[in-house]
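> Supplied in structure tokens, the structure appears directly below.
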Amino acid sequence: MIFFLEQLLNGLQYGAMLFMLASGLTLIFGIMGVINLTHGSFYMVGAYGAAVVTAATGSVVLGAVAALAGAALYGTAVEIAVVRRLYGRDHLYQVLATFGLILFSNEAMALLAGRQPRFLEIPPLLSGSVHLLPGLDYPVIRLAFIAVGAAVAIGLWLLVNHTRLGMLIRAGADDREMVDALGVDIRRLYTIVFALGAVLCGIAGVMAAPLLAVEIGMGERILIAGFVVIVVGGVGSVRGALAGALLIGLVDGLGRAYLPQIIQSLLPPSIADTLAAGLVSASIYVIMALVLLVRPLGLFPVRS
């Protein structure tokens, strides 16, 4: 039981990080109609910003601020220089352009920070464990990331549903031409949405930096999981991004813990190890396929 609860918390922590990535991705993809493969690069910029600035200054707070500022500035630059020219174009142009930006981002980061992986030590405030139950001591930093994910989810819900900016975002998603005709600067609105998505990626990068190696190309690996989340949750739905992220996070966490044990109890070790590794990697795609069979538009599709 203790092992199950620990893996459940691990899944929630991974789901919180996926939500940061997927919520920004679903805003850009669902509201602006742009397939942005560069989204993972904002995550990489956030992670590098946190690792490099924290190592240089010794301040975790400055590292986090630099990560979010760097992701926001880079996202704004990408939107103004490239993505703005892709609105209303065929998705093939968007894929090709943003794929090229992935290559550019990786090489630019390699020139700025080098190709050696960087590691960020866990801040003293977030080090250690918390005694949750008899036999269950859980790392403070993972609990903090779950709390950050919950706070961001509440903040996004309030922003989209209870602010003027959120009203404009929803209106722009439904009828861009009408919003533009009413005098709203739709280009500036889209730049704000794009920068917001980049900031959310930056938060995910800050969350990942103390737990993973910060390295070139780290954004592409998690980007695929991000797309799975928004397909499962429903394209353009922040609520769907949250539900999809939690579902995928829990499936991944529990699958890595239990699938190898189940398969090893049924098959010889020579077959079980290889099969278990493959099934663990494929588990989130199986969940995506099952959800799409039942609800082709995702768990919480957007209703215009």
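Chain lettering (A, B, ...) mirrors the order of the structure tokens, residue numbering begins at 1 for each chain separately, and ligand numbering begins at 1 in order of display.
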Neighbouring residues of region 287-297 of chain A were defined as those with any atom within 8 Å, considering only C-alpha atoms; residues of the same chain fewer than 5 positions away were excluded. Please report them as a PyMOL selection string.

chain A and resi 228+231-232+234-235+248

> Excluding Asp252 (chain A) and its own-chain neighbours fewer than 5 positions away, which residues fall within 12 Å of it when counting only C-alpha atoms? Please give them as a list in words.

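Answer for this query is Gln7, Leu8, Leu9, Asn10, Gly11, Leu12, Gln13, Tyr14, Gly15, Leu18, Ala225, Val229, Gly244, Ala245, Leu246, Leu247, Ala257, Tyr258, Leu259, Ala277, Leu279, Val280, Ser281, Ala282, Ser283, Ile284, Tyr285, Val286 and Ile287 of chain A.
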
> Measure the distance from CA of Ala150 (chain A) to CA of Ala243 (chain A) in Å and round it to one decimal.

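Value for the CA of Ala150 (chain A)-CA of Ala243 (chain A) distance: 11.9 Å.
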
> Using only C-alpha atoms, find each residue in region 120-198 of chain A having at least one atom no more than 12 Å away from region 50-68 of chain A; report its shortest atom-to-atom pair and that distance in Å (one decimal), rows by chain then rising number, as JSON lines.


{"residue": "A:Leu120", "atom": "CA", "partner": "A:Ala51", "partner_atom": "CA", "distance": 5.3}
{"residue": "A:Glu121", "atom": "CA", "partner": "A:Ala51", "partner_atom": "CA", "distance": 8.6}
{"residue": "A:Ile122", "atom": "CA", "partner": "A:Val60", "partner_atom": "CA", "distance": 9.2}
{"residue": "A:Pro123", "atom": "CA", "partner": "A:Val60", "partner_atom": "CA", "distance": 6.8}
{"residue": "A:Pro124", "atom": "CA", "partner": "A:Val60", "partner_atom": "CA", "distance": 9.7}
{"residue": "A:Leu125", "atom": "CA", "partner": "A:Val60", "partner_atom": "CA", "distance": 10.0}
{"residue": "A:Leu126", "atom": "CA", "partner": "A:Val60", "partner_atom": "CA", "distance": 10.7}
{"residue": "A:Ala195", "atom": "CA", "partner": "A:Leu68", "partner_atom": "CA", "distance": 10.1}
{"residue": "A:Leu196", "atom": "CA", "partner": "A:Leu68", "partner_atom": "CA", "distance": 10.0}
{"residue": "A:Gly197", "atom": "CA", "partner": "A:Leu68", "partner_atom": "CA", "distance": 10.9}
{"residue": "A:Ala198", "atom": "CA", "partner": "A:Leu68", "partner_atom": "CA", "distance": 8.2}

> With DSSP run on the backbone, what are the alpha helix (DSSP H) residues within region 120-174 of chain A? I'd like them as a ChimeraX atom specification.

/A:140-162,164-174

> Atoms to include: C-alpha atoms. Write the selected residues as a CSV table (one decimal), in the first residue's frame.


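And here's out_22.csv as it stands now:
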chain,number,residue,atom,x,y,z
A,140,VAL,CA,9.6,17.9,-0.2
A,141,ILE,CA,10.5,19.1,-3.7
A,142,ARG,CA,8.1,16.7,-5.4
A,143,LEU,CA,5.3,17.8,-3.1
A,144,ALA,CA,6.2,21.5,-3.8
A,145,PHE,CA,5.9,20.8,-7.6
A,146,ILE,CA,2.4,19.2,-7.1
A,147,ALA,CA,1.4,22.3,-5.2
A,148,VAL,CA,2.8,24.6,-7.9
A,149,GLY,CA,0.8,22.6,-10.5
A,150,ALA,CA,-2.4,23.0,-8.5
A,151,ALA,CA,-1.8,26.7,-8.1
A,152,VAL,CA,-1.1,27.3,-11.8
A,153,ALA,CA,-4.3,25.3,-12.7
A,154,ILE,CA,-6.4,27.5,-10.4
A,155,GLY,CA,-4.7,30.6,-11.8
A,156,LEU,CA,-5.3,29.6,-15.4
A,157,TRP,CA,-8.9,28.9,-14.7
A,158,LEU,CA,-9.4,32.3,-13.1
A,159,LEU,CA,-7.5,34.0,-16.0
A,160,VAL,CA,-9.5,32.3,-18.8
A,161,ASN,CA,-12.9,32.5,-17.2
A,162,HIS,CA,-12.9,35.6,-15.0
A,164,ARG,CA,-11.1,40.6,-19.5
A,165,LEU,CA,-8.0,39.0,-21.1
A,166,GLY,CA,-9.6,35.6,-20.8
A,167,MET,CA,-12.8,36.9,-22.4
A,168,LEU,CA,-10.8,38.2,-25.3
A,169,ILE,CA,-8.8,34.9,-25.6
A,170,ARG,CA,-12.1,32.9,-25.8
A,171,ALA,CA,-13.6,35.4,-28.2
A,172,GLY,CA,-10.5,35.3,-30.4
A,173,ALA,CA,-10.6,31.5,-30.5
A,174,ASP,CA,-14.3,31.6,-31.7

> Provide the CA of Ala209 (chain A) to CA of Leu37 (chain A) distance in Å, to one decimal place.

20.8 Å

> Just list the residues in region 19-243 of chain A DSSP gives strand (DSSP E or B) on the backbone, as a list in words.

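These are the residues in question: Arg118, Ser129, Val130, His131, Leu132, Leu133, Leu136, Asp137, Tyr138, Pro139 and Val214 of chain A.
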
> How far is it from CA of Gly24 (chain A) to CA of Cys201 (chain A), in Å with one decimal?

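Between these atoms lies a distance of 6.8 Å.
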
> Considering only C-alpha atoms, can you say which of A:Pro117, A:Gly40, A:Gly88, A:Pro134 comes closest to Ser105 (chain A)?

A:Gly40

> Show me, as a ChimeraX atom specification, the residues that have an atom within 10 Å of Ile222 (chain A) when counting only C-alpha atoms, minus same-chain residues fewer than 5 positions from it.

/A:17-18,21-22,39-40,43-44,217,227-228
